[in-house]
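File shown here: start.txt, holding compact mmCIF, C-alpha atoms.
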```
# COMPACT_ATOMS: atom_id res chain seq x y z
CA MET A 488 -5.06 -1.99 11.21
CA GLU A 489 -2.13 -2.49 8.85
CA ILE A 490 -2.65 -6.27 8.98
CA LEU A 491 -6.24 -5.70 7.85
CA GLY A 492 -4.88 -3.41 5.16
CA PHE A 493 -2.59 -6.11 3.75
CA ILE A 494 -5.50 -8.57 3.76
CA ALA A 495 -7.61 -5.98 1.94
CA ALA A 496 -4.82 -5.61 -0.65
CA ILE A 497 -5.52 -9.19 -1.75
CA GLY A 498 -9.14 -8.19 -2.26
CA ILE A 499 -8.09 -5.18 -4.35
CA GLY A 500 -6.26 -7.38 -6.85
CA LEU A 501 -8.89 -10.12 -6.69
CA VAL A 502 -11.70 -7.74 -7.60
CA LEU A 503 -9.70 -6.19 -10.45
CA GLY A 504 -8.91 -9.62 -11.86
CA LEU A 505 -12.48 -10.86 -11.56
CA ILE A 506 -14.47 -7.99 -13.07
CA GLY A 507 -11.90 -5.57 -14.49
CA ALA A 508 -13.09 -2.74 -12.26
CA GLY A 509 -13.45 -1.66 -8.68
CA GLY A 510 -9.86 -2.01 -7.49
CA SER A 511 -9.43 1.71 -6.89
CA ILE A 512 -12.78 1.88 -5.13
CA LEU A 513 -11.22 -0.34 -2.49
CA THR A 514 -7.69 1.06 -2.61
CA VAL A 515 -8.31 4.67 -1.56
CA PRO A 516 -10.43 3.82 1.53
CA VAL A 517 -7.91 1.11 2.51
CA MET A 518 -5.03 3.61 2.25
CA VAL A 519 -6.91 6.28 4.20
CA TYR A 520 -8.62 4.27 6.93
CA LEU A 521 -6.31 1.27 7.44
CA PHE A 522 -2.90 2.80 6.70
CA ALA A 523 -3.73 6.35 7.89
CA ILE A 524 -2.47 7.97 4.68
CA ASP A 525 -3.55 11.48 3.70
CA PRO A 526 -6.48 11.26 1.21
CA TYR A 527 -4.70 13.22 -1.53
CA LEU A 528 -1.55 11.11 -1.17
CA ALA A 529 -3.76 7.99 -1.03
CA THR A 530 -4.97 8.73 -4.56
CA THR A 531 -1.34 8.62 -5.73
CA TYR A 532 -0.78 5.29 -3.94
CA SER A 533 -3.97 4.02 -5.54
CA LEU A 534 -2.87 4.98 -9.05
CA PHE A 535 0.36 2.99 -8.71
CA ILE A 536 -1.19 -0.09 -7.10
CA VAL A 537 -4.11 -0.27 -9.52
CA GLY A 538 -1.93 0.55 -12.53
CA VAL A 539 0.67 -2.14 -11.88
CA SER A 540 -1.96 -4.72 -10.91
CA SER A 541 -4.02 -4.01 -14.04
CA LEU A 542 -0.94 -4.26 -16.23
CA ALA A 543 -0.23 -7.73 -14.86
CA GLY A 544 -3.89 -8.70 -15.16
CA ILE A 545 -3.88 -8.05 -18.90
CA ILE A 546 -1.60 -11.05 -19.52
CA PRO A 547 -4.15 -13.90 -19.20
CA TYR A 548 -6.78 -11.93 -21.16
CA THR A 549 -4.26 -11.26 -23.94
CA LEU A 550 -3.37 -14.94 -24.15
CA LYS A 551 -7.10 -15.69 -24.55
CA LYS A 552 -7.39 -12.90 -27.19
CA GLN A 553 -9.83 -11.04 -24.95
CA VAL A 554 -8.30 -7.55 -25.29
CA ASP A 555 -9.52 -5.16 -27.98
CA PHE A 556 -6.41 -3.02 -28.45
CA ARG A 557 -7.98 -0.71 -31.04
CA THR A 558 -10.87 0.23 -28.79
CA SER A 559 -8.53 0.61 -25.84
CA ILE A 560 -6.52 3.19 -27.77
CA PHE A 561 -9.64 5.21 -28.60
CA PHE A 562 -10.40 5.35 -24.89
CA GLY A 563 -6.84 5.51 -23.65
CA ILE A 564 -5.43 8.57 -25.43
CA PRO A 565 -8.15 11.08 -24.45
CA SER A 566 -8.37 9.60 -20.95
CA ILE A 567 -4.61 10.10 -20.48
CA LEU A 568 -5.12 13.75 -21.45
CA GLY A 569 -7.88 14.00 -18.83
CA VAL A 570 -5.61 12.47 -16.18
CA PHE A 571 -2.85 14.96 -16.99
CA ILE A 572 -5.23 17.93 -16.75
CA ALA A 573 -6.62 16.74 -13.41
CA ARG A 574 -3.28 15.90 -11.75
CA ARG A 575 -1.32 18.91 -13.01
CA TYR A 576 -3.93 21.66 -13.08
CA LEU A 577 -7.15 20.82 -11.21
CA HIS A 578 -5.64 19.36 -8.01
CA PRO A 579 -3.30 22.29 -7.29
CA ILE A 580 -6.03 24.93 -7.64
CA ILE A 581 -8.41 23.29 -5.15
CA PRO A 582 -7.95 25.22 -1.87
CA ASN A 583 -7.28 23.33 1.37
CA ASP A 584 -10.25 25.00 3.09
CA ILE A 585 -13.20 25.26 0.73
CA ILE A 586 -16.24 26.40 2.67
CA GLU A 587 -17.34 26.82 6.29
CA ILE A 588 -20.97 26.41 7.34
CA ASN A 589 -21.91 27.05 10.98
CA GLY A 590 -18.51 25.95 12.22
CA TRP A 591 -18.36 22.91 9.90
CA MET A 592 -15.44 23.12 7.48
CA LEU A 593 -15.36 21.36 4.12
CA ASN A 594 -11.68 20.93 3.28
CA LYS A 595 -9.86 19.48 0.27
CA ASP A 596 -9.31 16.04 1.80
CA MET A 597 -12.96 15.71 2.80
CA LEU A 598 -14.09 16.86 -0.64
CA LEU A 599 -12.02 14.15 -2.34
CA MET A 600 -13.41 11.43 -0.07
CA LEU A 601 -17.00 12.65 -0.53
CA LEU A 602 -16.53 12.77 -4.30
CA PHE A 603 -15.12 9.27 -4.13
CA ALA A 604 -18.12 8.06 -2.11
CA VAL A 605 -20.54 9.58 -4.65
CA LEU A 606 -18.71 7.81 -7.48
CA MET A 607 -18.95 4.59 -5.49
CA VAL A 608 -22.73 4.98 -5.20
CA PHE A 609 -23.05 5.42 -8.97
CA ALA A 610 -20.70 2.47 -9.50
CA ALA A 611 -22.81 0.30 -7.20
CA ILE A 612 -26.04 1.26 -9.00
CA ASN A 613 -24.33 0.50 -12.33
CA MET A 614 -23.18 -2.94 -11.19
CA ILE A 615 -26.44 -3.92 -9.51
CA TRP A 616 -29.08 -2.73 -11.94
CA LYS A 617 -27.67 -1.56 -15.27
CA LYS A 618 -28.02 -3.90 -18.23
CA GLU A 619 -24.85 -4.75 -20.11
CA LYS A 620 -26.20 -4.76 -23.64
CA SER A 621 -28.11 -2.48 -25.95
CA ASP A 622 -29.98 -3.03 -29.20
CA HIS A 623 -29.15 0.50 -30.36
CA ILE A 624 -25.86 1.30 -32.09
CA ASP A 625 -24.90 4.88 -32.92
CA PRO A 626 -23.52 5.81 -36.35
CA THR A 627 -19.75 5.38 -36.53
CA ASN A 628 -18.89 9.10 -36.35
CA ASN A 629 -21.15 9.70 -33.36
CA ARG A 630 -19.82 6.60 -31.62
CA ILE A 631 -16.19 7.67 -31.99
CA GLY A 632 -17.00 11.17 -30.75
CA LYS A 633 -18.75 9.75 -27.69
CA VAL A 634 -15.88 7.37 -27.01
CA ILE A 635 -13.38 10.26 -27.10
CA PHE A 636 -15.58 12.35 -24.79
CA GLN A 637 -16.06 9.43 -22.40
CA GLY A 638 -12.32 8.78 -22.36
CA LEU A 639 -11.61 12.42 -21.50
CA LEU A 640 -14.25 12.44 -18.74
CA ILE A 641 -13.00 9.18 -17.26
CA GLY A 642 -9.45 10.54 -17.30
CA LEU A 643 -10.52 13.61 -15.33
CA LEU A 644 -12.18 11.39 -12.72
CA VAL A 645 -9.12 9.14 -12.55
CA GLY A 646 -6.84 12.10 -11.99
CA LEU A 647 -9.03 13.68 -9.32
CA VAL A 648 -9.84 10.74 -7.10
CA GLY A 649 -7.32 8.07 -8.03
CA ALA A 650 -10.00 5.80 -9.47
CA GLY A 651 -9.26 3.51 -12.38
CA GLY A 652 -12.67 4.16 -13.94
CA GLY A 653 -13.36 0.54 -14.83
CA PHE A 654 -16.93 0.72 -13.55
CA LEU A 655 -17.57 3.37 -16.23
CA ILE A 656 -15.41 1.87 -18.98
CA ILE A 657 -16.88 -1.65 -19.05
CA PRO A 658 -20.53 -0.66 -19.69
CA ALA A 659 -19.40 1.79 -22.38
CA LEU A 660 -17.34 -0.87 -24.14
CA ILE A 661 -20.27 -3.28 -24.15
CA ILE A 662 -22.89 -0.75 -25.26
CA PHE A 663 -20.96 1.19 -27.90
CA HIS A 664 -18.63 -1.51 -29.20
CA LYS A 665 -20.65 -4.68 -28.60
CA LEU A 666 -17.74 -6.36 -26.82
CA SER A 667 -18.33 -9.53 -24.85
CA VAL A 668 -18.11 -9.25 -21.06
CA LYS A 669 -14.71 -10.97 -20.93
CA THR A 670 -13.25 -8.83 -23.75
CA ALA A 671 -14.63 -5.69 -22.11
CA ILE A 672 -12.91 -6.70 -18.86
CA GLY A 673 -9.57 -7.33 -20.59
CA SER A 674 -9.77 -4.06 -22.53
CA SER A 675 -10.80 -2.21 -19.37
CA LEU A 676 -7.70 -3.46 -17.57
CA LEU A 677 -5.48 -2.06 -20.34
CA ILE A 678 -7.19 1.34 -20.22
CA ILE A 679 -7.04 1.38 -16.41
CA ALA A 680 -3.32 0.55 -16.51
CA LEU A 681 -2.62 3.39 -18.95
CA ASN A 682 -4.72 5.90 -16.99
CA SER A 683 -3.43 4.93 -13.57
CA LEU A 684 0.28 4.74 -14.39
CA PHE A 685 0.22 8.01 -16.33
CA GLY A 686 -1.70 9.61 -13.47
CA PHE A 687 0.93 8.37 -11.06
CA VAL A 688 3.91 9.77 -12.96
CA SER A 689 1.99 13.05 -13.42
CA SER A 690 1.42 13.47 -9.67
CA ASN A 691 3.22 16.24 -7.85
CA ASN A 692 3.58 14.41 -4.52
CA ILE A 693 5.55 11.29 -5.49
CA GLU A 694 8.40 12.36 -3.21
CA GLU A 695 6.09 11.88 -0.20
CA ILE A 696 5.56 8.17 -0.92
CA HIS A 697 6.82 5.55 1.52
CA TRP A 698 8.09 3.15 -1.16
CA PRO A 699 8.65 0.00 0.97
CA LEU A 700 5.01 0.11 2.09
CA LEU A 701 3.73 0.87 -1.41
CA LEU A 702 5.71 -1.97 -2.97
CA GLU A 703 4.56 -4.45 -0.30
CA ILE A 704 0.91 -3.57 -0.89
CA THR A 705 1.39 -3.71 -4.67
CA ALA A 706 3.01 -7.16 -4.49
CA ILE A 707 0.13 -8.51 -2.43
CA ALA A 708 -2.42 -6.93 -4.79
CA LEU A 709 -0.61 -8.53 -7.73
CA GLY A 710 -1.11 -11.94 -6.16
CA GLY A 711 -4.82 -11.23 -5.80
CA MET A 712 -4.99 -9.95 -9.37
CA LEU A 713 -3.47 -13.10 -10.86
CA LEU A 714 -5.80 -15.25 -8.76
CA GLY A 715 -8.80 -13.17 -9.80
CA SER A 716 -7.85 -13.33 -13.49
CA TRP A 717 -7.56 -17.12 -13.27
CA ILE A 718 -10.94 -17.45 -11.53
CA SER A 719 -12.59 -15.11 -14.04
CA GLN A 720 -11.74 -17.55 -16.83
CA LYS A 721 -13.75 -20.19 -14.96
CA VAL A 722 -16.69 -18.05 -13.82
CA ASP A 723 -19.06 -15.72 -15.64
CA GLY A 724 -17.78 -12.30 -14.57
CA ALA A 725 -21.16 -10.66 -15.17
CA LYS A 726 -22.72 -12.74 -12.37
CA LEU A 727 -20.22 -11.32 -9.88
CA LYS A 728 -21.08 -7.69 -10.57
CA PRO A 729 -24.31 -7.42 -8.50
CA PHE A 730 -22.66 -8.94 -5.44
CA PHE A 731 -19.74 -6.58 -5.70
CA GLY A 732 -22.14 -3.70 -6.30
CA TYR A 733 -23.81 -4.21 -2.92
CA PHE A 734 -20.39 -4.32 -1.27
CA VAL A 735 -19.37 -1.06 -2.97
CA LEU A 736 -22.63 0.57 -1.87
CA PHE A 737 -21.99 -0.49 1.73
CA MET A 738 -18.47 0.98 1.63
CA ALA A 739 -19.78 4.23 0.15
CA MET A 740 -22.23 4.58 3.03
CA MET A 741 -19.43 3.94 5.53
CA ILE A 742 -17.25 6.65 3.96
CA LEU A 743 -20.11 9.15 3.94
CA PHE A 744 -20.81 8.39 7.60
CA GLN A 745 -17.12 8.68 8.53
CA GLU A 746 -16.65 12.00 6.78
CA LEU A 747 -19.93 13.67 7.75
CA LYS A 748 -20.44 12.41 11.30
```
What's the structure tokens form of this structure?
Amino acid sequence: MEILGFIAAIGIGLVLGLIGAGGSILTVPVMVYLFAIDPYLATTYSLFIVGVSSLAGIIPYTLKKQVDFRTSIFFGIPSILGVFIARRYLHPIIPNDIIEINGWMLNKDMLLMLLFAVLMVFAAINMIWKKEKSDHIDPTNNRIGKVIFQGLLIGLLVGLVGAGGGFLIIPALIIFHKLSVKTAIGSSLLIIALNSLFGFVSSNNIEEIHWPLLLEITAIALGGMLLGSWISQKVDGAKLKPFFGYFVLFMAMMILFQELK
């Protein structure tokens, strides 16, 4: 299973490099099901792997001037606040055993995986069917307020489930800031890197990490990221989104089945 996990690590980086999103959607299930890591700890692994990979992936987009640093800051600062709130305050107050129904117990680990699966379903729908442009532009003040709110909300999600949030960030960047697909991807990688790495250092279970394993997976993911970033400069990233969306939807169904069977 670990061999499959290392192979999947290439896919994690490849997907991040290609479409600027989705790496964490793969990382948490890979950590849980292929490396047998506790779901809560898996979110911490995911934050490090996705954060470092995204940071490296920014390089080719920066060289092509496809990163909007100003917009990334508007998203990044409130999202970092959301990550901090989730990792420091929300995680610790979630009880290990949440509710029991006719002998069936919903615990903290299962809740995190189910929440992750639900996010994956929404991500899949977004990638398969949602349009990436809009003819309507909000007034500047309203747009900034929405960007700040979206950044905070994305940060909370990142902190809770270890997701980078790229599948939410990219459509928002395109709709509210009229960024091109490639610039939205580059900017998304920067925001994901900020969110993920801050979420990692804010985690309260870093001492439980098996660092040799984490660094091996991260190195492999980095290779996939650089390959994906190179390919994305040759291929229209928007055309890859529906295909990835169906894959995400399939994985979400598998997680729901595994947790609820």
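Atom to atom, atom CA of Leu676 of chain A and atom CA of Ala573 of chain A stand 20.7 Å apart.
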Mind dumping a table of every segment 682-723 of chain A residue within 6 Å of segment 501-524 of chain A, with the nearest atom pair and its distance in Å to one decimal, using all atoms listed in the file, sorted by chain and rising number, as a tab-separated table?
```
residue	atom	partner	partner_atom	distance
A:Gly711	CA	A:Leu501	CA	4.3
A:Met712	CA	A:Gly504	CA	4.7
A:Gly715	CA	A:Gly504	CA	4.1
A:Ser716	CA	A:Gly504	CA	4.2
A:Ser719	CA	A:Leu505	CA	4.9
```
Please save C-alpha atoms of the selected residues as an mmCIF file, in the coordinates of the input.
```cif
data_model
loop_
_atom_site.group_PDB
_atom_site.id
_atom_site.type_symbol
_atom_site.label_atom_id
_atom_site.label_comp_id
_atom_site.auth_asym_id
_atom_site.auth_seq_id
_atom_site.Cartn_x
_atom_site.Cartn_y
_atom_site.Cartn_z
ATOM 1 C CA GLY A 711 -4.820 -11.230 -5.800
ATOM 2 C CA MET A 712 -4.990 -9.950 -9.370
ATOM 3 C CA GLY A 715 -8.800 -13.170 -9.800
ATOM 4 C CA SER A 716 -7.850 -13.330 -13.490
ATOM 5 C CA SER A 719 -12.590 -15.110 -14.040
#
```
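Distances here use only C-alpha atoms; by that measure, the residue among A:Met597, A:Ile718, A:Ala706, A:Leu542 closest to Ile494 of chain A is A:Ala706.
One finds atom CA of Leu681 of chain A at 28.4 Å from atom CA of Glu489 of chain A.
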Find the distance between atom CA of Gly686 of chain A and atom CA of Leu577 of chain A and write it in Å to one decimal.
->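 Calculated distance between atom CA of Gly686 of chain A and atom CA of Leu577 of chain A is 12.7 Å.
Among the candidate residues A:Thr531, A:Asn589, A:Gln720, A:Ser541, the one lying nearest to Phe687 of chain A is A:Thr531, with distances computed using all atoms listed in the file.
Candidate residues A:Leu747, A:Leu702, A:Val645, A:Leu606 were compared for distance to Ser683 of chain A, and the nearest is A:Val645, using all atoms listed in the file.
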Excluding Ile679 of chain A and any residue of its chain fewer than 6 positions from it, enumerate the residues within 12 Å of it, using all atoms listed in the file, and give them as a ChimeraX atom specification.
-> /A:503,507-511,533-545,559-560,562-564,566-567,570,638,641-642,644-646,649-657,671-673,685-687
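Considering only C-alpha atoms, the residue among A:Ile572, A:Ile678, A:Val634, A:Ile693 positioned nearest to Val554 of chain A is A:Ile678.
Between Lys552 of chain A and the candidates A:Leu639, A:Ile631, A:Ala496, A:Ser667, the tightest atom-to-atom separation, counting all atoms listed in the file, involves A:Ser667.
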